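So this block is entry-v5.cif, mmCIF, C-alpha atoms:
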data_coords
loop_
_atom_site.label_atom_id
_atom_site.label_comp_id
_atom_site.auth_asym_id
_atom_site.auth_seq_id
_atom_site.Cartn_x
_atom_site.Cartn_y
_atom_site.Cartn_z
CA MET S 194 41.89 80.05 17.02
CA ALA S 195 39.69 77.59 15.20
CA LYS S 196 37.83 74.94 17.18
CA THR S 197 39.68 71.64 17.56
CA VAL S 198 38.56 68.04 17.78
CA HIS S 199 39.84 65.77 20.57
CA PHE S 200 40.59 62.27 19.26
CA PHE S 201 41.46 59.37 21.54
CA SER S 202 41.78 55.59 21.73
CA ASP S 203 43.88 53.17 23.79
CA ASP S 204 46.99 54.20 21.83
CA PHE S 205 46.29 57.77 20.73
CA ASP S 206 45.28 61.02 22.34
CA PHE S 207 45.57 64.22 20.33
CA GLU S 208 43.76 67.36 19.27
CA ALA S 209 43.48 68.55 15.68
CA GLU S 210 42.09 71.45 13.76
CA LEU S 211 40.09 70.38 10.68
CA ILE S 212 40.64 72.36 7.47
CA LYS S 213 38.34 71.54 4.59
CA LEU S 214 40.13 70.36 1.47
CA ASP S 215 38.37 71.31 -1.71
CA ARG S 216 39.29 71.11 -5.34
CA ASP S 217 38.98 74.85 -5.97
CA LYS S 218 41.62 75.60 -3.34
CA VAL S 219 44.03 73.00 -4.73
CA TYR S 220 43.73 73.51 -8.48
CA GLY S 221 41.74 76.74 -8.94
CA TYR S 222 38.29 76.96 -10.48
CA VAL S 223 36.31 78.02 -13.53
CA THR S 224 33.18 80.18 -13.52
CA GLU S 225 30.81 80.69 -16.42
CA LYS S 226 29.56 84.17 -17.31
CA ILE S 227 26.67 84.76 -19.71
CA TYR S 228 26.29 88.11 -21.51
CA ASP S 229 23.39 89.62 -23.50
CA PRO S 230 23.88 91.20 -26.98
CA ASP S 231 24.79 94.52 -25.28
CA ASN S 232 27.62 92.68 -23.46
CA GLU S 233 25.87 93.12 -20.11
CA PRO S 234 25.62 90.14 -17.73
CA CYS S 235 22.36 88.17 -18.04
CA GLN S 236 20.12 87.53 -15.06
CA THR S 237 18.57 84.18 -14.20
CA ALA S 238 14.79 83.93 -13.91
CA TYR S 239 12.13 81.21 -14.03
CA LEU S 240 9.23 80.68 -16.41
CA LEU S 241 6.14 79.11 -14.85
CA GLU S 242 4.22 76.25 -16.45
CA ASP S 243 1.67 78.70 -17.92
CA GLY S 244 4.45 79.73 -20.34
CA VAL S 245 3.84 83.42 -19.66
CA THR S 246 4.72 84.29 -16.07
CA ILE S 247 8.34 85.10 -15.33
CA ILE S 248 9.56 84.98 -11.73
CA PRO S 249 12.91 86.61 -10.90
CA SER S 250 15.70 84.72 -9.17
CA GLY S 251 14.91 84.62 -5.44
CA GLY S 252 11.19 84.98 -6.17
CA PHE S 253 10.18 81.58 -4.78
CA ALA S 254 9.77 80.40 -1.19
CA LEU S 255 9.55 76.79 -0.04
CA LYS S 256 6.83 75.97 2.47
CA THR S 257 6.32 72.82 4.53
CA VAL S 258 2.65 71.88 4.38
CA VAL S 259 0.50 69.20 6.05
CA ASN S 260 -3.13 68.82 4.97
CA GLY S 261 -3.03 72.22 3.31
CA GLN S 262 -1.73 73.98 6.44
CA GLU S 263 1.77 75.38 6.77
CA VAL S 264 3.83 73.84 9.59
CA SER S 265 7.04 75.17 11.06
CA LYS S 266 10.10 72.97 10.57
CA LYS S 267 10.73 73.42 14.30
CA ASP S 268 7.57 71.39 14.97
CA LEU S 269 8.75 68.38 12.97
CA VAL S 270 10.52 65.43 14.54
CA ALA S 271 13.15 63.18 12.96
CA VAL S 272 12.26 59.48 12.66
CA ASP S 273 13.78 56.43 11.01
CA GLU S 274 12.07 54.43 8.25
CA ASN S 275 10.06 52.54 10.92
CA MET S 276 8.84 55.86 12.39
CA ASN S 277 10.97 55.47 15.52
CA PRO S 278 12.09 58.86 16.89
CA LEU S 279 15.80 59.60 16.46
CA VAL S 280 18.11 61.05 19.08
CA PRO S 281 20.45 63.89 18.02
CA ILE S 282 24.14 62.98 17.79
CA SER S 283 26.58 65.62 19.03
CA SER S 284 29.03 67.38 16.76
CA ILE S 285 32.60 66.05 16.85
CA PHE S 286 33.61 69.51 18.12
CA ASP S 287 31.43 69.09 21.24
CA LYS S 288 32.61 65.69 22.46
CA ASP S 289 35.66 63.41 22.64
CA VAL S 290 35.95 61.38 19.45
CA VAL S 291 36.74 57.67 19.81
CA LEU S 292 39.07 56.23 17.18
CA LYS S 293 38.38 52.66 16.03
CA THR S 294 40.98 50.31 14.56
CA ASP S 295 38.86 47.58 12.98
CA ALA S 296 38.49 48.99 9.43
CA THR S 297 40.27 47.52 6.42
CA LEU S 298 41.53 48.79 3.07
CA GLU S 299 38.45 47.21 1.48
CA ASP S 300 36.19 49.29 3.76
CA TYR S 301 38.09 52.44 2.82
CA LEU S 302 37.84 51.65 -0.88
CA SER S 303 34.06 51.21 -0.44
CA LEU S 304 33.66 54.74 0.88
CA ASN S 305 31.58 57.21 -1.17
CA VAL S 306 33.37 60.36 -0.15
CA THR S 307 31.39 63.46 0.80
CA SER S 308 34.08 65.66 2.36
CA VAL S 309 37.81 65.69 3.11
CA TYR S 310 39.60 67.58 5.88
CA GLN S 311 43.28 68.22 6.43
CA LEU S 312 44.26 67.73 10.08
CA GLU S 313 46.50 70.26 11.79
CA ILE S 314 47.83 68.29 14.75
CA THR S 315 49.83 70.10 17.39
CA GLN S 316 50.95 67.14 19.58
CA GLY S 317 51.14 63.38 19.12
CA LYS S 318 51.42 63.44 15.33
CA GLY S 319 54.54 61.22 15.18
CA ALA S 320 52.91 58.13 16.72
CA LEU S 321 49.81 58.60 14.58
CA LEU S 322 51.85 58.90 11.38
CA ASP S 323 53.86 55.78 12.28
CA PHE S 324 50.64 53.83 12.69
CA LEU S 325 48.93 55.09 9.53
CA GLN S 326 52.03 54.80 7.34
CA LYS S 327 52.17 51.08 8.14
CA GLY S 328 48.87 50.72 6.28
CA HIS S 329 46.60 50.57 9.33
CA PHE S 330 43.29 52.41 9.37
CA LEU S 331 41.62 54.51 12.05
CA THR S 332 37.98 55.49 11.73
CA PHE S 333 35.51 57.57 13.69
CA ASP S 334 31.84 58.53 13.56
CA PHE S 335 31.67 61.92 11.86
CA ASN S 336 29.15 64.67 12.56
CA TYR S 337 30.40 68.12 11.67
CA ARG S 338 27.25 69.58 13.22
CA THR S 339 24.86 68.00 15.68
CA GLY S 340 22.42 65.94 13.63
CA TYR S 341 20.48 62.72 13.40
CA ASP S 342 22.85 60.58 11.39
CA SER S 343 26.59 60.25 11.33
CA THR S 344 28.90 59.20 8.55
CA THR S 345 32.23 57.36 8.69
CA ALA S 346 35.56 59.15 8.49
CA PHE S 347 38.91 57.46 7.90
CA LEU S 348 42.20 58.97 9.02
CA ILE S 349 44.58 58.61 6.06
CA ALA S 350 48.22 59.68 5.89
CA ASN S 351 49.98 60.76 2.70
CA GLY S 352 53.61 61.60 3.40
CA GLU S 353 53.73 63.78 6.51
CA ASP S 354 50.12 64.93 6.19
CA VAL S 355 47.04 63.42 7.81
CA PHE S 356 43.53 63.74 6.38
CA ALA S 357 40.05 62.77 7.53
CA VAL S 358 38.22 61.33 4.53
CA ASN S 359 34.52 61.27 5.30
CA GLY S 360 31.62 59.53 3.60
CA VAL S 361 29.24 56.61 3.49
CA ILE S 362 30.42 53.03 3.05
CA SER S 363 28.69 51.28 0.14
CA GLU S 364 27.78 47.65 0.37
CA PHE S 365 28.85 46.16 -2.92
CA GLU S 366 27.21 43.01 -4.14
CA TYR S 367 29.21 39.97 -5.18
CA LEU S 368 27.67 38.94 -8.49
CA ASN S 369 27.37 35.41 -9.78
CA ILE S 370 26.26 34.18 -13.18
CA ASP S 371 22.61 33.86 -12.10
CA GLN S 372 22.30 37.55 -11.29
CA GLN S 373 21.39 39.20 -14.54
CA PRO S 374 19.60 42.51 -14.88
CA MET S 375 16.01 42.77 -16.07
CA PRO S 376 15.65 44.83 -19.29
CA GLU S 377 13.87 47.64 -17.38
CA MET S 378 16.97 48.10 -15.24
CA MET S 379 18.83 49.33 -18.31
CA ASP S 380 18.55 53.09 -18.53
CA GLU S 381 20.86 55.19 -20.57
CA GLY S 382 19.67 58.39 -18.89
CA SER S 383 22.05 60.86 -17.33
CA ASP S 384 22.99 60.62 -13.67
CA GLU S 385 25.15 63.74 -13.58
CA GLU S 386 23.84 64.62 -10.12
CA GLU S 387 25.28 61.37 -8.82
CA ILE S 388 28.76 62.40 -9.85
CA ASP S 389 28.57 65.98 -8.76
CA PHE S 390 31.89 66.67 -7.07
CA GLY S 391 30.60 70.01 -5.87
CA MET S 392 29.92 68.28 -2.59
CA LEU S 393 33.66 67.97 -2.10
CA MET L 71 21.72 51.69 -14.62
CA ARG L 72 23.76 52.88 -17.55
CA LEU L 73 26.02 51.23 -20.10
CA ILE L 74 29.79 51.38 -20.23
CA ASP L 75 32.02 49.92 -22.94
CA ILE L 76 35.18 48.36 -21.57
CA ALA L 77 37.99 46.32 -23.12
CA ASN L 78 40.08 43.63 -21.44
CA GLU L 79 43.83 43.13 -21.73
CA LYS L 80 43.38 41.22 -25.02
CA GLY L 81 41.57 44.22 -26.50
CA ARG L 82 38.17 42.43 -26.55
CA ASN L 83 35.41 44.79 -25.50
CA ALA L 84 31.85 44.50 -24.17
CA GLU L 85 29.09 46.84 -23.09
CA VAL L 86 28.12 46.19 -19.49
CA LEU L 87 26.03 47.99 -16.89
CA PHE L 88 27.12 50.14 -13.99
CA ASN L 89 25.42 51.72 -11.00
CA ASN L 90 26.26 53.45 -7.75
CA PRO L 91 25.08 51.35 -4.81
CA ALA L 92 25.50 54.16 -2.24
CA PRO L 93 22.89 53.73 0.49
CA LYS L 94 20.11 56.32 0.56
CA ARG L 95 19.42 58.53 3.57
CA LYS L 96 16.76 57.04 5.83
CA ILE L 97 15.75 59.99 8.01
CA LEU L 98 12.24 61.36 7.73
CA TYR L 99 10.77 64.47 9.32
CA VAL L 100 7.15 64.12 10.47
CA THR L 101 4.69 65.98 12.64
CA ALA L 102 3.98 64.90 16.24
CA ASN L 103 1.05 62.87 14.77
CA LYS L 104 3.50 61.13 12.41
CA GLU L 105 2.08 62.87 9.35
CA LYS L 106 4.52 63.33 6.49
CA PRO L 107 4.67 66.94 5.29
CA GLN L 108 4.98 68.08 1.69
CA THR L 109 7.38 70.76 0.58
CA LEU L 110 5.67 73.15 -1.83
CA ARG L 111 6.96 76.12 -3.76
CA LEU L 112 5.12 79.41 -3.78
CA VAL L 113 5.72 82.73 -5.46
CA LYS L 114 7.19 85.30 -3.09
CA ASN L 115 7.67 88.25 -5.42
CA THR L 116 7.31 88.84 -9.13
CA SER L 117 9.74 91.65 -10.01
CA ALA L 118 13.51 91.80 -9.72
CA ILE L 119 14.63 94.73 -7.59
CA ASN L 120 17.20 95.97 -10.11
CA VAL L 121 14.53 96.22 -12.81
CA LEU L 122 12.25 98.15 -10.44
CA GLN L 123 15.12 100.44 -9.52
CA GLU L 124 15.75 101.24 -13.15
CA LYS L 125 12.05 101.83 -13.79
CA TYR L 126 11.20 103.99 -10.76
CA GLY L 127 14.55 105.43 -9.71
CA ASP L 128 14.28 107.53 -6.54
CA GLU L 129 10.54 106.95 -6.30
CA LEU L 130 10.94 103.21 -5.79
CA THR L 131 10.56 103.22 -1.98
CA GLU L 132 7.36 105.20 -2.20
CA LYS L 133 6.01 102.93 -4.95
CA LEU L 134 6.84 99.80 -2.94
CA ILE L 135 5.00 101.15 0.11
CA ASN L 136 1.97 102.66 -1.59
CA GLU L 137 1.46 100.62 -4.73
CA ASP L 138 3.19 97.24 -4.06
CA VAL L 139 4.90 97.47 -7.45
CA ASP L 140 7.02 94.40 -6.62
CA LEU L 141 3.93 92.18 -6.31
CA ASP L 142 1.50 90.85 -8.86
CA ILE L 143 -1.55 90.18 -6.69
CA GLU L 144 -2.77 87.46 -9.07
CA ILE L 145 0.43 85.44 -8.73
CA THR L 146 2.09 86.30 -5.41
CA GLY L 147 1.43 83.67 -2.75
CA LYS L 148 0.30 81.07 -5.29
CA PHE L 149 1.65 77.54 -5.05
CA VAL L 150 3.36 76.63 -8.32
CA GLY L 151 4.75 73.47 -9.91
CA LYS L 152 7.75 73.14 -12.16
CA ALA L 153 9.52 76.22 -13.45
CA THR L 154 11.98 76.44 -16.32
CA LYS L 155 15.21 78.36 -15.87
CA ILE L 156 15.52 81.21 -18.39
CA LEU L 157 17.83 84.16 -18.98
CA LEU L 158 16.90 87.84 -19.00
CA ASP L 159 18.90 90.75 -20.36
CA HIS L 160 19.94 93.72 -18.22
CA ASN L 161 16.50 95.30 -18.84
CA GLY L 162 14.72 92.23 -17.47
CA LYS L 163 13.53 91.13 -20.93
CA LEU L 164 13.83 87.60 -22.31
CA VAL L 165 17.13 87.19 -24.10
CA TYR L 166 17.46 84.98 -27.17
CA LYS L 167 21.13 85.34 -28.09
CA VAL L 168 23.86 85.14 -25.50
CA LYS L 169 27.63 85.03 -25.33
CA ILE L 170 29.10 82.52 -22.87
CA GLU L 171 32.55 83.03 -21.43
CA GLU L 172 34.55 81.03 -18.91
CA GLU L 173 36.76 82.75 -16.37
CA VAL L 174 39.63 80.61 -15.12
CA TYR L 175 40.98 81.36 -11.63
CA ASP L 176 44.08 79.90 -9.97
CA ALA L 177 44.09 78.36 -6.48
CA GLN L 178 44.70 81.82 -4.95
CA GLY L 179 41.57 83.21 -6.63
CA ASN L 180 43.46 85.29 -9.26
CA LEU L 181 41.90 85.49 -12.73
CA LYS L 182 44.21 83.62 -15.14
CA GLU L 183 42.29 83.79 -18.40
CA LYS L 184 38.94 84.26 -20.09
CA ARG L 185 38.01 81.72 -22.75
CA THR L 186 35.19 80.25 -24.80
CA PRO L 187 33.77 77.23 -22.98
CA LYS L 188 34.91 73.83 -24.12
CA SER L 189 32.31 71.09 -24.07
CA LEU L 190 33.60 67.56 -23.65
CA GLU L 191 31.88 64.64 -25.33
CA GLY L 192 30.88 61.62 -23.30
CA ASN L 193 33.28 58.72 -23.92
CA ILE L 194 32.22 55.81 -21.72
CA VAL L 195 30.26 54.21 -24.53
CA GLY L 196 30.67 54.84 -28.25
CA GLU L 197 33.44 54.75 -30.80
CA PHE L 198 36.29 53.59 -28.57
CA PRO L 199 35.99 51.21 -25.61
CA LEU L 200 37.63 52.19 -22.33
CA ARG L 201 40.98 50.50 -21.99
CA GLY L 202 43.04 49.46 -19.03
CA GLY L 203 46.48 50.88 -18.53
CA LYS L 204 49.02 50.87 -15.75
CA LEU L 205 48.46 48.76 -12.63
CA PHE L 206 49.00 50.33 -9.22
CA PRO L 207 49.35 48.26 -6.03
CA LYS L 208 46.35 49.14 -3.84
CA MET L 209 48.54 49.99 -0.87
CA ASP L 210 50.51 52.45 -3.00
CA ILE L 211 47.57 54.32 -4.47
CA TYR L 212 44.78 54.41 -1.86
CA ASN L 213 46.28 57.50 -0.18
CA LYS L 214 47.22 59.39 -3.35
CA PHE L 215 43.75 60.28 -4.67
CA ILE L 216 40.28 60.94 -3.30
CA PHE L 217 38.22 58.16 -4.86
CA ALA L 218 35.05 60.12 -4.33
CA ARG L 219 32.54 57.95 -6.20
CA LYS L 220 32.34 54.26 -6.87
CA TYR L 221 30.36 52.45 -9.51
CA GLN L 222 29.78 48.72 -9.62
CA LEU L 223 30.11 47.07 -13.04
CA ARG L 224 27.52 44.38 -13.71
CA HIS L 225 27.29 41.72 -16.42
CA VAL L 226 24.31 41.58 -18.77
CA ASN L 227 24.59 37.92 -19.84
CA GLY L 228 26.70 34.81 -19.42
CA LEU L 229 29.43 35.98 -21.77
CA THR L 230 29.88 39.31 -20.01
CA TYR L 231 29.85 37.48 -16.64
CA ASP L 232 32.98 35.59 -17.76
CA PHE L 233 34.46 38.78 -19.18
CA LEU L 234 34.04 40.83 -15.98
CA TYR L 235 34.87 37.92 -13.66
CA ASP L 236 38.22 37.45 -15.39
CA ILE L 237 39.10 41.16 -15.11
CA ALA L 238 38.11 41.19 -11.41
CA LYS L 239 40.04 37.98 -10.71
CA ASP L 240 43.18 39.28 -12.37
CA LEU L 241 43.12 42.54 -10.36
CA PHE L 242 42.25 40.69 -7.14
CA GLU L 243 45.16 38.29 -7.52
CA LYS L 244 47.57 41.12 -8.29
CA ASN L 245 46.14 43.18 -5.36
CA ALA L 246 46.18 46.14 -7.72
CA MET L 247 43.98 48.80 -9.26
CA MET L 248 44.05 49.46 -13.00
CA MET L 249 43.83 52.92 -14.52
CA LEU L 250 41.11 53.10 -17.14
CA GLY L 251 41.15 55.59 -20.00
CA GLY L 252 39.01 56.58 -22.97
CA GLY L 253 39.54 57.94 -26.47
CA PRO L 254 41.51 56.43 -29.38
CA LYS L 255 44.66 55.95 -27.31
CA GLY L 256 42.86 54.80 -24.16
CA ASN L 257 44.52 57.46 -22.03
CA ALA L 258 41.88 60.22 -21.88
CA PRO L 259 39.95 60.92 -18.69
CA LEU L 260 36.42 59.50 -18.52
CA VAL L 261 33.51 61.80 -19.37
CA PHE L 262 30.20 60.24 -18.34
CA GLN L 263 27.94 62.33 -20.62
CA ASP L 264 28.21 65.09 -23.24
CA GLY L 265 29.14 68.33 -21.50
CA GLY L 266 30.21 66.42 -18.38
CA LYS L 267 33.36 66.85 -16.36
CA PRO L 268 36.47 64.69 -16.85
CA TYR L 269 37.46 62.16 -14.19
CA ARG L 270 40.35 59.76 -13.80
CA ALA L 271 39.15 56.22 -13.19
CA PHE L 272 40.61 53.09 -11.60
CA LEU L 273 39.20 49.56 -11.58
CA GLU L 274 39.34 47.37 -8.50
CA GLY L 275 38.40 43.68 -8.48
CA ARG L 276 37.17 41.50 -5.63
CA ILE L 277 36.43 37.77 -5.81
CA LYS L 278 34.49 35.33 -3.59
CA GLU L 279 34.47 31.82 -5.06
CA GLU L 280 32.47 32.09 -8.32
CA SER L 281 31.20 35.61 -7.71
CA TYR L 282 32.93 38.89 -8.42
CA CYS L 283 32.74 42.55 -7.56
CA LEU L 284 34.28 44.97 -10.04
CA ILE L 285 34.37 48.57 -8.84
CA LEU L 286 35.11 51.67 -10.88
CA HIS L 287 36.61 54.38 -8.65
CA ILE L 288 36.52 57.90 -10.07
CA THR L 289 38.53 60.86 -8.91
CA ASN L 290 39.40 64.44 -9.78
CA LEU L 291 41.35 65.36 -6.67
CA GLU L 292 44.70 64.29 -5.28
CA LEU L 293 44.99 63.72 -1.53
CA LYS L 294 47.48 66.46 -0.82
CA PRO L 295 47.58 69.43 1.55
CA LEU L 296 46.28 72.84 0.60
CA PRO L 297 48.86 75.38 -0.52
CA LYS L 298 50.26 77.05 2.62
CA HIS L 299 48.44 80.38 2.15
CA ASP L 300 45.09 78.58 2.34
CA THR L 301 45.55 76.53 5.50
CA ASN L 302 44.90 79.58 7.66
CA SER L 303 41.72 80.58 5.88
#
Please lay out the structure from this file as structure tokens.
Amino acid sequence: MAKTVHFFSDDFDFEAELIKLDRDKVYGYVTEKIYDPDNEPCQTAYLLEDGVTIIPSGGFALKTVVNGQEVSKKDLVAVDENMNPLVPISSIFDKDVVLKTDATLEDYLSLNVTSVYQLEITQGKGALLDFLQKGHFLTFDFNYRTGYDSTTAFLIANGEDVFAVNGVISEFEYLNIDQQPMPEMMDEGSDEEEIDFGML
Amino acid sequence: MRLIDIANEKGRNAEVLFNNPAPKRKILYVTANKEKPQTLRLVKNTSAINVLQEKYGDELTEKLINEDVDLDIEITGKFVGKATKILLDHNGKLVYKVKIEEEVYDAQGNLKEKRTPKSLEGNIVGEFPLRGGKLFPKMDIYNKFIFARKYQLRHVNGLTYDFLYDIAKDLFEKNAMMMLGGGPKGNAPLVFQDGGKPYRAFLEGRIKEESYCLILHITNLELKPLPKHDTNS
């Protein structure tokens, strides 16, 4: 049986299995195949800056280097922007997860979503659905794995199903007439990576 | 920031800016002496194994052990900068003419069809402005789609301030989100650049006194459960 998460608050206490929801599993997917003139699949490779040397796929390694010396990632420590050491935050599968009730629809609509999970709840689903279907919001700090930062997940009901929608809340600016962009802020370049839904 | 061309309910359009204000990650990894490391790329091997197999056949193991045929001593272990992705044919030679095919699979992973790729043209700025369509009460729509990304629309001058403020105010007062579409009929999904993917888009407006916040929510996924066969995987 898959690992479950234990959620609780003053009004709720339930366990749920989290099943990742992704677009490919809902709608299907498309892959691109590239063939050479003999109708054989092409291989990817990389051309170095010298314009001559070809390196096959998988031919590079990434190394972490300080002052010309390689360091092991195990020897690095996580710090915040002020260089204060960070404490690891446990995975939601390794602790009891506290549900909070203070979020609003505006908070939810400010969420840049990074992952969505379908909840398989064995007991206590009725009370939870009643609460969510009235338009209330429950949130929790989300860490799939133990790590140094957590994101925010909202429990959202659609019909009889409950989902955990996880991401980072953006702080939108309220703009007045005096706030006008400088010309250098205008850039028509592509930001495809910013709208890569592969992360879902 | 990039430009987007949007029309209001009267059909008047303006090019305004948009950006994604998502906060950036603020975790750094440093050494015990608080030195920031660099991540560098080096060359690990210079020959693809399938090409070597074809060239040496059964003798490959011996050649790898005795002659290091997978390594170019001049290059292997060297730190390198940028590299350009290229394609090789099945003999490991540069290929100049290729055939591209898309394979379409259903949600169960079954191949449905093979087809020539279709490239969509960007439509957020150009011949036709994006136009608003149906309004959806926020409380009816927030749990129907995954609004994965949000972009904030920003005015570029006094006229576009009034233009965007009025759209935001109207949506705020109606407590609704407006579907936004492109193309000549204003009902096509949004494509942010040539060759990009299509997304459905909804505008949300917020108001605080004389300031506004107009947010473009984009989605390509409904919030609905996986088909039953997948929930056990």
| said: Residues of chain L within 6 Å of chain S, counting only C-alpha atoms - could you list those as number ranges by chain? | reply: L: 71-72, 92, 96-101, 107-116, 118, 153-159, 168-177, 213, 218-219, 226, 231, 281-283, 296
Could you list, as a PDB file with C-alpha atoms, keeping the file's coordinate frame, every residue matched by the PyMOL selection byres ((chain S and resi 282) around 10) in this structure?
ATOM      1  CA  LEU S 279      15.800  59.600  16.460  1.00  0.00           C
ATOM      2  CA  VAL S 280      18.110  61.050  19.080  1.00  0.00           C
ATOM      3  CA  PRO S 281      20.450  63.890  18.020  1.00  0.00           C
ATOM      4  CA  SER S 283      26.580  65.620  19.030  1.00  0.00           C
ATOM      5  CA  SER S 284      29.030  67.380  16.760  1.00  0.00           C
ATOM      6  CA  ILE S 285      32.600  66.050  16.850  1.00  0.00           C
ATOM      7  CA  ASP S 334      31.840  58.530  13.560  1.00  0.00           C
ATOM      8  CA  PHE S 335      31.670  61.920  11.860  1.00  0.00           C
ATOM      9  CA  ASN S 336      29.150  64.670  12.560  1.00  0.00           C
ATOM     10  CA  ARG S 338      27.250  69.580  13.220  1.00  0.00           C
ATOM     11  CA  THR S 339      24.860  68.000  15.680  1.00  0.00           C
ATOM     12  CA  GLY S 340      22.420  65.940  13.630  1.00  0.00           C
ATOM     13  CA  TYR S 341      20.480  62.720  13.400  1.00  0.00           C
ATOM     14  CA  ASP S 342      22.850  60.580  11.390  1.00  0.00           C
ATOM     15  CA  SER S 343      26.590  60.250  11.330  1.00  0.00           C
TER      16      SER S 343
END
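Each of L:Leu164, L:Asp210, L:Leu284, L:Leu293 was checked against His225 in chain L using all atoms listed in the file; the smallest atom-to-atom distance is that of L:Leu284.
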| task | Can you work out which one of L:Asp264, L:Glu274, L:Glu183, L:Asp128 has the shortest atom-to-atom distance to Phe206 in chain L, counting all atoms listed in the file? | result |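 Among the listed residues, the smallest separation from Phe206 in chain L belongs to L:Glu274.
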| Which of these residues is nearest to Leu292 in chain S, using all atoms listed in the file: S:Thr197, S:Thr344, S:Thr332, S:Thr315? |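 Among the listed residues, S:Thr332 lies closest to Leu292 in chain S.
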| field | Atom pair CA of Asp323 in chain S / CA of Phe201 in chain S: separation (Å) | value |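 Separation between CA of Asp323 in chain S and CA of Phe201 in chain S: 15.9 Å.
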Using all atoms listed in the file, determine which residues lie at most 10 Å from range 243-245 of chain L, disregarding the query and same-chain residues fewer than 4 positions distant; provide the list as a compact mmCIF listing (two decimals) with C-alpha atoms, keeping the file's coordinate frame.
# COMPACT_ATOMS: atom_id res chain seq x y z
CA LEU L 205 48.46 48.76 -12.63
CA PHE L 206 49.00 50.33 -9.22
CA PRO L 207 49.35 48.26 -6.03
CA LYS L 208 46.35 49.14 -3.84
CA MET L 209 48.54 49.99 -0.87
CA ALA L 238 38.11 41.19 -11.41
CA LYS L 239 40.04 37.98 -10.71
CA GLU L 274 39.34 47.37 -8.50
CA GLY L 275 38.40 43.68 -8.48
CA ARG L 276 37.17 41.50 -5.63
CA ILE L 277 36.43 37.77 -5.81
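In terms of minimum interatomic distance to Glu208 in chain S, S:Gln316 ranks closest within S:Gln316, S:Tyr337, S:Asp287, S:Phe324, counting only C-alpha atoms.
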| task | For CA of Lys288 in chain S and CA of Thr345 in chain S, determine how far apart the two atoms are, in Å to one decimal place. | result |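 Distance reported for this atom pair: 16.1 Å.
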| When you draw a straight line from CA of Phe242 in chain L to CA of Asp75 in chain L, how long is it in Å? |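 For CA of Phe242 in chain L relative to CA of Asp75 in chain L, the distance reads 21.0 Å.
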